[in-house]
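entry25.csv follows (CSV, C-alpha atoms):
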chain,number,residue,atom,x,y,z
A,30,MET,CA,-43.6,14.5,32.7
A,31,HIS,CA,-40.5,12.5,32.4
A,32,PRO,CA,-40.0,9.8,29.8
A,33,SER,CA,-40.0,6.2,31.0
A,34,LEU,CA,-37.2,3.9,30.1
A,35,HIS,CA,-39.6,2.1,27.8
A,36,GLN,CA,-40.2,5.4,25.9
A,37,ILE,CA,-36.5,6.0,25.6
A,38,ALA,CA,-35.9,2.4,24.5
A,39,LEU,CA,-38.5,2.9,21.8
A,40,VAL,CA,-36.9,6.1,20.5
A,41,ILE,CA,-33.5,4.3,20.4
A,42,ALA,CA,-35.0,1.3,18.6
A,43,VAL,CA,-36.5,3.6,15.9
A,44,PHE,CA,-33.1,5.2,15.3
A,45,LEU,CA,-31.4,1.9,15.0
A,46,LEU,CA,-33.8,0.5,12.4
A,47,PRO,CA,-31.9,-0.2,9.1
A,48,LEU,CA,-33.9,2.3,7.1
A,49,PRO,CA,-32.7,3.0,3.5
A,50,LEU,CA,-30.5,6.0,3.4
A,51,PRO,CA,-31.2,8.9,1.0
A,52,ALA,CA,-28.7,9.4,-1.7
A,53,LYS,CA,-25.6,11.2,-0.5
A,54,LEU,CA,-22.7,12.6,-2.5
A,55,SER,CA,-19.5,13.4,-0.6
A,56,THR,CA,-16.4,15.0,-2.2
A,57,GLY,CA,-13.1,16.0,-0.7
A,58,GLU,CA,-9.4,15.1,-0.6
A,59,ASP,CA,-8.3,11.5,-0.1
A,60,ALA,CA,-6.6,11.1,3.2
A,61,ASP,CA,-3.6,9.2,1.7
A,62,THR,CA,-3.0,11.0,-1.5
A,63,ALA,CA,-4.6,14.5,-1.1
A,64,LEU,CA,-6.2,13.9,-4.5
A,65,GLN,CA,-9.9,14.6,-5.0
A,66,TYR,CA,-12.6,11.9,-4.5
A,67,TRP,CA,-16.3,11.6,-5.1
A,68,LEU,CA,-18.3,9.1,-3.0
A,69,TRP,CA,-22.0,8.2,-3.8
A,70,GLU,CA,-23.9,6.3,-1.1
A,71,GLU,CA,-27.5,5.2,-1.6
A,72,ALA,CA,-29.8,2.2,-1.2
A,73,GLY,CA,-27.1,-0.2,0.0
A,74,ILE,CA,-24.4,0.7,-2.4
A,75,ALA,CA,-21.3,2.8,-2.1
A,76,PHE,CA,-19.4,4.0,-5.2
A,77,ARG,CA,-16.2,6.0,-4.9
A,78,LEU,CA,-13.9,7.6,-7.5
A,79,THR,CA,-10.5,8.9,-6.5
A,80,GLN,CA,-8.2,10.7,-8.9
A,81,ARG,CA,-5.0,8.9,-10.0
A,82,LEU,CA,-2.3,11.2,-11.2
A,83,PRO,CA,-0.9,10.1,-14.6
A,84,ASP,CA,2.5,9.6,-12.8
A,85,GLN,CA,0.9,7.1,-10.4
A,86,THR,CA,-0.4,5.1,-13.4
A,87,ARG,CA,2.9,5.4,-15.3
A,88,ALA,CA,4.7,4.0,-12.2
A,89,PHE,CA,2.2,1.2,-11.6
A,90,PHE,CA,2.4,-0.1,-15.2
A,91,ALA,CA,6.1,0.4,-15.6
A,92,ALA,CA,6.5,-2.0,-12.7
A,93,ARG,CA,4.2,-4.5,-14.5
A,94,GLY,CA,6.3,-4.5,-17.7
A,95,PHE,CA,4.7,-1.8,-19.9
A,96,ASP,CA,7.0,0.1,-22.3
A,97,GLN,CA,6.9,3.8,-22.4
A,98,ALA,CA,4.4,4.1,-25.3
A,99,ALA,CA,1.9,1.7,-23.6
A,100,ARG,CA,2.1,3.3,-20.2
A,101,GLU,CA,1.6,6.8,-21.7
A,102,ARG,CA,-1.5,5.5,-23.5
A,103,VAL,CA,-3.2,4.5,-20.3
A,104,ALA,CA,-1.7,7.2,-18.0
A,105,LEU,CA,-3.3,9.9,-20.1
A,106,ALA,CA,-6.7,8.3,-20.4
A,107,CYS,CA,-8.2,10.0,-17.3
A,108,VAL,CA,-7.9,7.1,-14.9
A,109,PHE,CA,-9.6,6.9,-11.5
A,110,GLN,CA,-9.2,4.5,-8.6
A,111,SER,CA,-12.8,3.1,-8.3
A,112,GLU,CA,-14.5,1.2,-5.5
A,113,PHE,CA,-18.0,-0.3,-5.7
A,114,GLN,CA,-19.5,-2.1,-2.7
A,115,ASN,CA,-22.8,-3.7,-1.8
A,116,THR,CA,-23.1,-2.4,1.7
A,117,ALA,CA,-26.4,-4.1,2.4
A,118,GLY,CA,-26.9,-7.3,4.4
A,119,ASN,CA,-27.8,-10.8,3.4
A,120,ASP,CA,-31.5,-9.9,3.6
A,121,SER,CA,-31.2,-7.8,0.5
A,122,PRO,CA,-30.9,-9.1,-3.1
A,123,PRO,CA,-27.5,-8.8,-4.9
A,124,VAL,CA,-26.4,-5.7,-6.7
A,125,GLU,CA,-25.5,-5.8,-10.3
A,126,TYR,CA,-23.9,-3.3,-12.7
A,127,ASP,CA,-22.7,-3.2,-16.3
A,128,LEU,CA,-20.1,-0.5,-17.0
A,129,THR,CA,-21.0,-0.6,-20.8
A,130,GLU,CA,-24.3,1.1,-19.8
A,131,TRP,CA,-22.5,4.0,-18.0
A,132,ARG,CA,-22.0,7.3,-19.9
A,133,VAL,CA,-19.4,10.1,-19.7
A,134,HIS,CA,-20.8,13.5,-20.6
A,135,SER,CA,-18.3,16.3,-21.5
A,136,THR,CA,-17.7,19.1,-23.9
A,137,GLN,CA,-16.5,16.4,-26.3
A,138,GLY,CA,-19.9,14.8,-26.3
A,139,THR,CA,-21.2,11.6,-24.7
A,140,ARG,CA,-19.2,8.5,-24.7
A,141,PRO,CA,-18.9,5.1,-22.9
A,142,LEU,CA,-16.1,4.3,-20.4
A,143,LEU,CA,-13.0,2.5,-21.7
A,144,VAL,CA,-13.7,-0.9,-20.3
A,145,ARG,CA,-11.6,-4.1,-20.4
A,146,GLU,CA,-12.9,-5.1,-23.8
A,147,ALA,CA,-12.2,-1.7,-25.3
A,148,TRP,CA,-8.6,-1.8,-24.1
A,149,GLN,CA,-8.1,-5.2,-25.7
A,150,THR,CA,-8.6,-3.5,-29.0
A,151,VAL,CA,-6.2,-0.7,-28.0
A,152,TRP,CA,-3.5,-3.2,-26.9
A,153,ALA,CA,-3.7,-5.1,-30.2
A,154,ASP,CA,-1.3,-2.4,-31.6
A,155,TYR,CA,1.2,-2.8,-28.7
A,156,ALA,CA,3.4,-5.8,-27.9
A,157,LEU,CA,2.5,-6.2,-24.2
A,158,PRO,CA,4.2,-9.0,-22.3
A,159,GLU,CA,1.7,-11.6,-21.1
A,160,SER,CA,2.2,-10.7,-17.4
A,161,ALA,CA,1.6,-7.0,-18.2
A,162,ALA,CA,-1.6,-7.8,-20.1
A,163,ILE,CA,-2.9,-10.0,-17.2
A,164,ALA,CA,-2.1,-7.3,-14.6
A,165,PHE,CA,-3.8,-4.6,-16.8
A,166,GLU,CA,-7.0,-6.7,-17.3
A,167,TRP,CA,-7.4,-7.5,-13.6
A,168,SER,CA,-6.4,-4.1,-12.3
A,169,LEU,CA,-9.5,-2.5,-14.0
A,170,LEU,CA,-12.9,-2.5,-12.3
A,171,PRO,CA,-14.8,-5.5,-13.8
A,172,THR,CA,-17.0,-4.6,-16.7
A,173,ARG,CA,-19.9,-6.5,-15.3
A,174,GLN,CA,-20.3,-7.6,-11.7
A,175,ARG,CA,-22.8,-9.1,-9.2
A,176,TYR,CA,-22.2,-8.4,-5.6
A,177,GLU,CA,-23.7,-10.3,-2.7
A,178,ALA,CA,-23.8,-8.7,0.8
A,179,LYS,CA,-20.5,-6.8,1.6
A,180,ASP,CA,-18.9,-7.8,-1.6
A,181,TYR,CA,-16.8,-5.1,-3.3
A,182,ASN,CA,-14.1,-4.5,-5.9
A,183,TRP,CA,-11.4,-1.9,-6.2
A,184,GLY,CA,-10.1,-1.2,-9.7
A,185,MET,CA,-9.2,1.5,-12.2
A,186,THR,CA,-11.8,3.1,-14.5
A,187,ALA,CA,-10.7,5.1,-17.5
A,188,TYR,CA,-12.8,7.8,-19.1
A,189,GLY,CA,-10.7,8.6,-22.2
A,190,LEU,CA,-10.5,12.4,-21.7
A,191,PRO,CA,-7.4,14.6,-21.6
A,192,PRO,CA,-5.8,15.3,-18.2
A,193,GLY,CA,-7.6,18.1,-16.3
A,194,SER,CA,-10.9,17.7,-18.3
A,195,MET,CA,-14.2,18.0,-16.6
A,196,PHE,CA,-17.1,15.5,-17.1
A,197,ASP,CA,-20.3,14.3,-15.6
A,198,LEU,CA,-20.8,10.6,-15.0
A,199,GLU,CA,-24.1,8.9,-15.5
A,200,PHE,CA,-23.9,5.5,-13.7
A,201,ARG,CA,-26.4,2.7,-13.2
A,202,TRP,CA,-26.9,-0.3,-11.1
A,203,SER,CA,-29.8,-2.7,-10.2
A,204,ARG,CA,-31.0,-4.7,-7.2
A,205,GLY,CA,-33.8,-7.1,-7.1
A,206,GLY,CA,-35.3,-5.9,-10.4
A,207,GLU,CA,-35.1,-2.3,-9.4
A,208,HIS,CA,-33.0,-0.1,-11.7
A,209,TYR,CA,-31.1,3.0,-10.5
A,210,THR,CA,-29.6,5.7,-12.8
A,211,ARG,CA,-27.7,8.5,-11.1
A,212,ARG,CA,-25.4,11.3,-12.2
A,213,ILE,CA,-22.3,12.9,-10.6
A,214,ASP,CA,-21.6,16.3,-12.1
A,215,GLY,CA,-18.3,18.1,-12.3
A,216,ILE,CA,-15.8,15.3,-11.9
A,217,ARG,CA,-12.3,16.4,-12.9
A,218,CYS,CA,-9.8,14.1,-14.6
A,219,PRO,CA,-6.5,14.1,-12.7
A,220,PRO,CA,-4.1,16.7,-14.1
A,221,ASP,CA,-0.7,15.6,-15.5
A,222,VAL,CA,1.4,17.3,-12.9
A,223,HIS,CA,4.7,16.1,-11.4
A,224,PRO,CA,4.8,17.0,-7.7
A,225,GLU,CA,8.3,17.3,-6.3
A,226,PRO,CA,9.1,16.4,-2.7
A,227,GLU,CA,9.1,19.5,-0.5
B,29,MET,CA,-44.1,14.4,22.8
B,30,PHE,CA,-41.9,14.3,25.8
B,31,ILE,CA,-38.8,16.4,26.5
B,32,PRO,CA,-36.4,14.6,28.8
B,33,ASN,CA,-34.8,16.8,31.5
B,34,PRO,CA,-31.2,15.9,31.7
B,35,SER,CA,-30.8,17.1,35.2
B,36,ASP,CA,-33.6,14.8,36.4
B,37,GLU,CA,-32.9,11.8,34.3
B,38,PRO,CA,-29.1,11.9,33.6
B,39,MET,CA,-28.6,8.2,32.8
B,40,PRO,CA,-31.4,7.6,30.2
B,41,TYR,CA,-30.5,11.0,28.6
B,42,ARG,CA,-26.9,9.9,28.2
B,43,VAL,CA,-28.1,6.6,26.8
B,44,LEU,CA,-30.2,8.3,24.2
B,45,ALA,CA,-27.4,10.7,23.2
B,46,THR,CA,-25.0,7.8,22.9
B,47,ALA,CA,-27.4,5.9,20.7
B,48,LEU,CA,-27.8,8.8,18.4
B,49,VAL,CA,-24.1,9.2,18.1
B,50,LEU,CA,-23.8,5.5,17.3
B,51,CYS,CA,-26.5,5.9,14.6
B,52,LEU,CA,-24.6,8.7,13.0
B,53,LEU,CA,-21.4,6.7,13.0
B,54,ALA,CA,-23.1,3.7,11.5
B,55,THR,CA,-24.4,5.7,8.6
B,56,GLY,CA,-21.0,7.2,7.8
B,57,SER,CA,-18.7,6.3,4.8
B,58,GLY,CA,-19.9,3.1,3.2
B,59,LEU,CA,-16.4,2.1,2.2
B,60,ALA,CA,-14.9,2.4,5.7
B,61,ALA,CA,-16.0,-1.0,6.9
B,62,GLN,CA,-15.0,-3.2,3.9
B,63,MET,CA,-13.4,-6.0,5.8
B,64,SER,CA,-16.6,-7.7,6.9
B,65,GLY,CA,-16.4,-10.9,8.9
B,66,ASP,CA,-20.0,-11.8,8.3
B,67,PRO,CA,-20.7,-15.2,6.7
B,68,PRO,CA,-21.8,-14.9,3.1
B,69,ARG,CA,-25.0,-16.3,1.7
B,70,PRO,CA,-24.6,-19.8,0.2
B,71,LEU,CA,-24.8,-20.2,-3.5
B,72,GLU,CA,-28.4,-21.1,-4.6
B,73,LYS,CA,-27.0,-23.7,-7.0
B,74,PRO,CA,-23.6,-25.1,-6.0
B,75,ILE,CA,-21.4,-25.8,-9.0
B,76,PRO,CA,-18.5,-28.2,-9.5
B,77,ALA,CA,-15.1,-26.6,-8.8
B,78,PRO,CA,-12.9,-26.6,-11.9
B,79,GLY,CA,-9.8,-28.7,-11.2
B,80,PHE,CA,-6.3,-27.4,-11.4
B,81,THR,CA,-2.7,-28.4,-11.1
B,82,LEU,CA,-0.3,-25.6,-10.2
B,83,GLU,CA,3.2,-25.2,-8.8
B,84,ASP,CA,4.1,-22.8,-6.0
B,85,MET,CA,7.3,-20.8,-5.8
B,86,ASP,CA,9.1,-23.7,-4.2
B,87,GLY,CA,8.2,-26.0,-7.1
B,88,THR,CA,5.7,-28.0,-5.0
B,89,THR,CA,2.7,-29.2,-7.1
B,90,HIS,CA,-0.8,-28.5,-5.8
B,91,ARG,CA,-3.7,-30.5,-7.3
B,92,LEU,CA,-7.2,-29.4,-6.2
B,93,GLU,CA,-8.5,-32.9,-6.9
B,94,ASP,CA,-6.1,-34.3,-4.2
B,95,HIS,CA,-8.2,-32.6,-1.5
B,96,GLY,CA,-11.5,-34.5,-2.1
B,97,GLY,CA,-13.5,-35.1,1.1
B,98,ARG,CA,-12.2,-31.9,2.7
B,99,VAL,CA,-13.4,-28.3,2.7
B,100,VAL,CA,-11.1,-26.2,0.6
B,101,VAL,CA,-10.8,-22.4,0.6
B,102,VAL,CA,-9.5,-21.2,-2.8
B,103,SER,CA,-8.6,-17.5,-3.2
B,104,PHE,CA,-7.4,-15.7,-6.4
B,105,TRP,CA,-5.2,-12.8,-5.7
B,106,ALA,CA,-2.2,-10.6,-6.9
B,107,THR,CA,0.4,-8.7,-4.9
B,108,TRP,CA,-0.6,-5.4,-6.5
B,109,CYS,CA,-4.2,-5.7,-5.4
B,110,PRO,CA,-4.9,-3.6,-2.2
B,111,PRO,CA,-7.8,-5.7,-0.9
B,112,CYS,CA,-5.8,-8.9,-1.5
B,113,ARG,CA,-3.0,-7.5,0.6
B,114,GLU,CA,-5.4,-6.3,3.3
B,115,GLU,CA,-7.0,-9.7,3.8
B,116,MET,CA,-3.8,-11.8,3.8
B,117,PRO,CA,-3.0,-11.4,7.5
B,118,SER,CA,-6.6,-12.5,8.4
B,119,MET,CA,-6.2,-15.5,6.1
B,120,GLU,CA,-3.0,-16.5,7.9
B,121,ARG,CA,-4.8,-16.3,11.2
B,122,ALA,CA,-7.7,-18.3,9.8
B,123,TRP,CA,-5.3,-20.9,8.5
B,124,GLN,CA,-3.7,-21.3,11.9
B,125,ALA,CA,-7.1,-22.0,13.4
B,126,LEU,CA,-8.4,-24.2,10.6
B,127,LYS,CA,-5.5,-26.6,9.7
B,128,GLU,CA,-6.2,-28.7,12.8
B,129,HIS,CA,-9.7,-29.2,11.4
B,130,ASP,CA,-8.2,-30.7,8.2
B,131,ILE,CA,-9.5,-27.7,6.1
B,132,VAL,CA,-7.3,-26.7,3.1
B,133,MET,CA,-6.4,-23.2,2.1
B,134,LEU,CA,-4.9,-22.4,-1.3
B,135,ALA,CA,-4.3,-18.8,-2.4
B,136,VAL,CA,-3.7,-18.8,-6.2
B,137,ASN,CA,-1.6,-15.9,-7.4
B,138,VAL,CA,-2.5,-14.6,-10.8
B,139,GLY,CA,0.0,-13.7,-13.4
B,140,GLU,CA,3.1,-13.1,-11.3
B,141,ASP,CA,6.4,-14.9,-10.9
B,142,ALA,CA,8.1,-16.6,-8.0
B,143,ASP,CA,10.5,-13.6,-7.3
B,144,THR,CA,7.5,-11.2,-7.0
B,145,ILE,CA,5.6,-13.6,-4.7
B,146,PHE,CA,8.7,-14.3,-2.6
B,147,ALA,CA,9.3,-10.6,-2.0
B,148,PHE,CA,5.6,-10.2,-1.1
B,149,THR,CA,5.9,-12.9,1.6
B,150,GLY,CA,8.6,-10.9,3.2
B,151,ASP,CA,6.1,-8.2,4.1
B,152,TYR,CA,3.1,-10.5,4.4
B,153,PRO,CA,4.3,-13.8,5.8
B,154,VAL,CA,1.9,-16.7,5.2
B,155,SER,CA,2.3,-20.4,5.8
B,156,PHE,CA,-0.5,-21.7,3.5
B,157,PRO,CA,0.4,-22.6,-0.1
B,158,LEU,CA,0.5,-19.9,-2.8
B,159,PRO,CA,0.1,-21.8,-6.2
B,160,MET,CA,1.0,-19.7,-9.2
B,161,ASP,CA,-1.4,-19.3,-12.2
B,162,ARG,CA,1.2,-17.6,-14.4
B,163,ASP,CA,-0.9,-17.4,-17.6
B,164,SER,CA,-4.3,-16.9,-15.8
B,165,SER,CA,-5.7,-19.9,-17.5
B,166,VAL,CA,-7.0,-21.4,-14.2
B,167,LEU,CA,-8.5,-18.1,-13.2
B,168,LYS,CA,-10.4,-17.9,-16.5
B,169,ALA,CA,-12.0,-21.4,-15.8
B,170,TRP,CA,-13.4,-20.1,-12.5
B,171,PRO,CA,-16.3,-17.6,-12.1
B,172,VAL,CA,-14.0,-14.7,-11.3
B,173,ARG,CA,-14.5,-11.1,-12.5
B,174,GLY,CA,-12.3,-9.2,-10.1
B,175,LEU,CA,-9.6,-9.8,-7.4
B,176,PRO,CA,-9.7,-11.0,-4.8
B,177,THR,CA,-12.4,-13.6,-5.2
B,178,THR,CA,-12.5,-16.5,-2.7
B,179,PHE,CA,-14.4,-19.7,-3.0
B,180,VAL,CA,-15.4,-22.3,-0.4
B,181,ILE,CA,-15.6,-25.8,-1.8
B,182,ASP,CA,-17.4,-28.5,0.1
B,183,LYS,CA,-16.4,-32.1,0.7
B,184,GLN,CA,-18.2,-33.1,-2.5
B,185,GLY,CA,-16.0,-30.7,-4.6
B,186,ARG,CA,-18.7,-28.2,-5.1
B,187,ILE,CA,-18.4,-24.4,-4.9
B,188,VAL,CA,-20.9,-23.5,-2.1
B,189,TYR,CA,-19.8,-19.9,-1.3
B,190,ARG,CA,-18.2,-17.1,-3.3
B,191,VAL,CA,-16.9,-13.9,-1.8
B,192,ILE,CA,-15.8,-10.9,-3.8
B,193,GLY,CA,-13.4,-8.5,-2.1
B,194,GLY,CA,-11.4,-8.8,1.1
B,195,ARG,CA,-12.9,-10.3,4.3
B,196,ASP,CA,-11.7,-10.8,7.8
B,197,TRP,CA,-11.3,-14.6,7.5
B,198,SER,CA,-10.4,-14.9,11.1
B,199,SER,CA,-13.7,-13.6,12.4
B,200,PRO,CA,-15.3,-16.2,14.7
B,201,GLU,CA,-18.4,-16.3,12.4
B,202,LEU,CA,-16.5,-17.2,9.3
B,203,LEU,CA,-14.3,-19.7,11.1
B,204,GLN,CA,-17.3,-21.4,12.5
B,205,MET,CA,-19.0,-21.5,9.1
B,206,LEU,CA,-16.0,-23.3,7.6
B,207,ILE,CA,-15.7,-25.7,10.6
B,208,ASP,CA,-19.4,-26.5,10.4
B,209,LEU,CA,-19.1,-27.3,6.7
B,210,GLN,CA,-16.2,-29.6,7.4
B,211,ASN,CA,-18.1,-31.4,10.1
B,212,ARG,CA,-21.3,-31.8,8.1
Would you mind writing the file's structure down as structure tokens?
Amino acid sequence: MHPSLHQIALVIAVFLLPLPLPAKLSTGEDADTALQYWLWEEAGIAFRLTQRLPDQTRAFFAARGFDQAARERVALACVFQSEFQNTAGNDSPPVEYDLTEWRVHSTQGTRPLLVREAWQTVWADYALPESAAIAFEWSLLPTRQRYEAKDYNWGMTAYGLPPGSMFDLEFRWSRGGEHYTRRIDGIRCPPDVHPEPE
Amino acid sequence: MFIPNPSDEPMPYRVLATALVLCLLATGSGLAAQMSGDPPRPLEKPIPAPGFTLEDMDGTTHRLEDHGGRVVVVSFWATWCPPCREEMPSMERAWQALKEHDIVMLAVNVGEDADTIFAFTGDYPVSFPLPMDRDSSVLKAWPVRGLPTTFVIDKQGRIVYRVIGGRDWSSPELLQMLIDLQNR
């Protein structure tokens, strides 16, 4: 017996329904930098971490007026390029997170991330130019954020571990009163290497 | 359960296969399609837009309060911010379409100097004003936590939409949303 067009249309419609996706962790090499990334997708959010070599961070902050001591302080703090996006549509409640609730698990114990407010204490001992301090604050992923449909931020996150360290990240978000806690194991801080052009 | 026979029903089978491929593509990387052109949801409680007076790199003064009675798009951005750079060309296309509707667009640069912004406009030419918030004091008076953040202000001077991250501002849906707000 052959399927009717109605039956085929029904099958297509079922596949096109916006069903919630199961959690999915992807890892690999970033297409632009060949550095390692971790991407978590679940329940209308996408969260991605991409390694940033200390040299990338040194260069970025040198161009923003950081002196050598200040840029070494941040470059060696295990910095990742981070992206958090609400991938759901307007029919879903907003997504919220608070980075102070996230935890870094490593052989050195459990610790919070180095968020904007923590860095303000660090920079109290450095004489950062005003423009450098502004660039630093706004180049970090916001400590707290609320995303409507398709909203997203890119920003750096710092984990305060030596280059090359391994850690597990426990991260949280909420949507419409529902709280999610997830964990990505085996993230590696970017090593302090100095690649030469081939 | 039915099993379609491709040799008997070639067209529907191909339709089904195509639909499945499209489904797989649609559930791929969540960060691949960041530049949405979909209209945002309006704020539940519009709030008054904080005023500002800022100069651009040419020394021209821009006062938000001078644009009462018109829809104003205010974006906060920086040259080093990748999503800010990504959405700039779409903002320029939007501006070209919106200025004849008397809609205002102001992209407030945060924390940088005229030389930096001038160099940026060599790579990203835009014709709408780029006021400079050198000490970020204006930014801190607005509900901004990350860059870029863009606000739409209605003719009563209230923030009615807030968008975080880059968008395709030249999408027909977003353009129509702004024009409808101006004509309301």
| task | Tell me the residues of chain A close to chain B, meaning within 6 Å using all atoms listed in the file, as a VMD selection string. | result | chain A and resid 31 75 160 171 180 to 182
Would you put the residues from that selection into a file with C-alpha atoms, as a JSON list (two decimals), keeping the file's coordinate frame?
[["chain", "number", "residue", "atom", "x", "y", "z"],
["A", 31, "HIS", "CA", -40.50, 12.50, 32.40],
["A", 75, "ALA", "CA", -21.30, 2.80, -2.10],
["A", 160, "SER", "CA", 2.20, -10.70, -17.40],
["A", 171, "PRO", "CA", -14.80, -5.50, -13.80],
["A", 180, "ASP", "CA", -18.90, -7.80, -1.60],
["A", 181, "TYR", "CA", -16.80, -5.10, -3.30],
["A", 182, "ASN", "CA", -14.10, -4.50, -5.90]]
| Å distance separating atom CA of Phe156 of chain B from atom CA of Ile207 of chain B, one decimal place | 17.2 Å
| query | Which residues come within 6 Å of Gly118 of chain A, counting only C-alpha atoms, excluding same-chain residues fewer than 2 positions away, as an MDAnalysis selection string? | reply | chainID A and resid 120:121 178
| message | If we count all atoms listed in the file and set the cut-off at 12 Å, which residues sit around Leu190 of chain A, ignoring sequence neighbours fewer than 6 positions away in its own chain? Please answer as a ChimeraX atom specification. | response | /A:102-109,133-143,196-197,216-220
| request: Enter the distance from atom CA of Ser168 of chain A to atom CA of Asp182 of chain B, in Å, rounded to one decimal. | output: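 For atom CA of Ser168 of chain A relative to atom CA of Asp182 of chain B, the distance reads 29.5 Å.
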| task | Could you jot down the atom CA of Glu177 of chain A to atom CA of Leu128 of chain A separation for me, Å, one decimal place? | result | 17.7 Å
| query | Looking at only C-alpha atoms, which of B:Phe104, B:Arg212, B:Ser198, B:Gly185 is the one that sits closest to Pro78 of chain B? | reply |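 Comparing B:Phe104, B:Arg212, B:Ser198, B:Gly185 against Pro78 of chain B, the winner is B:Gly185.
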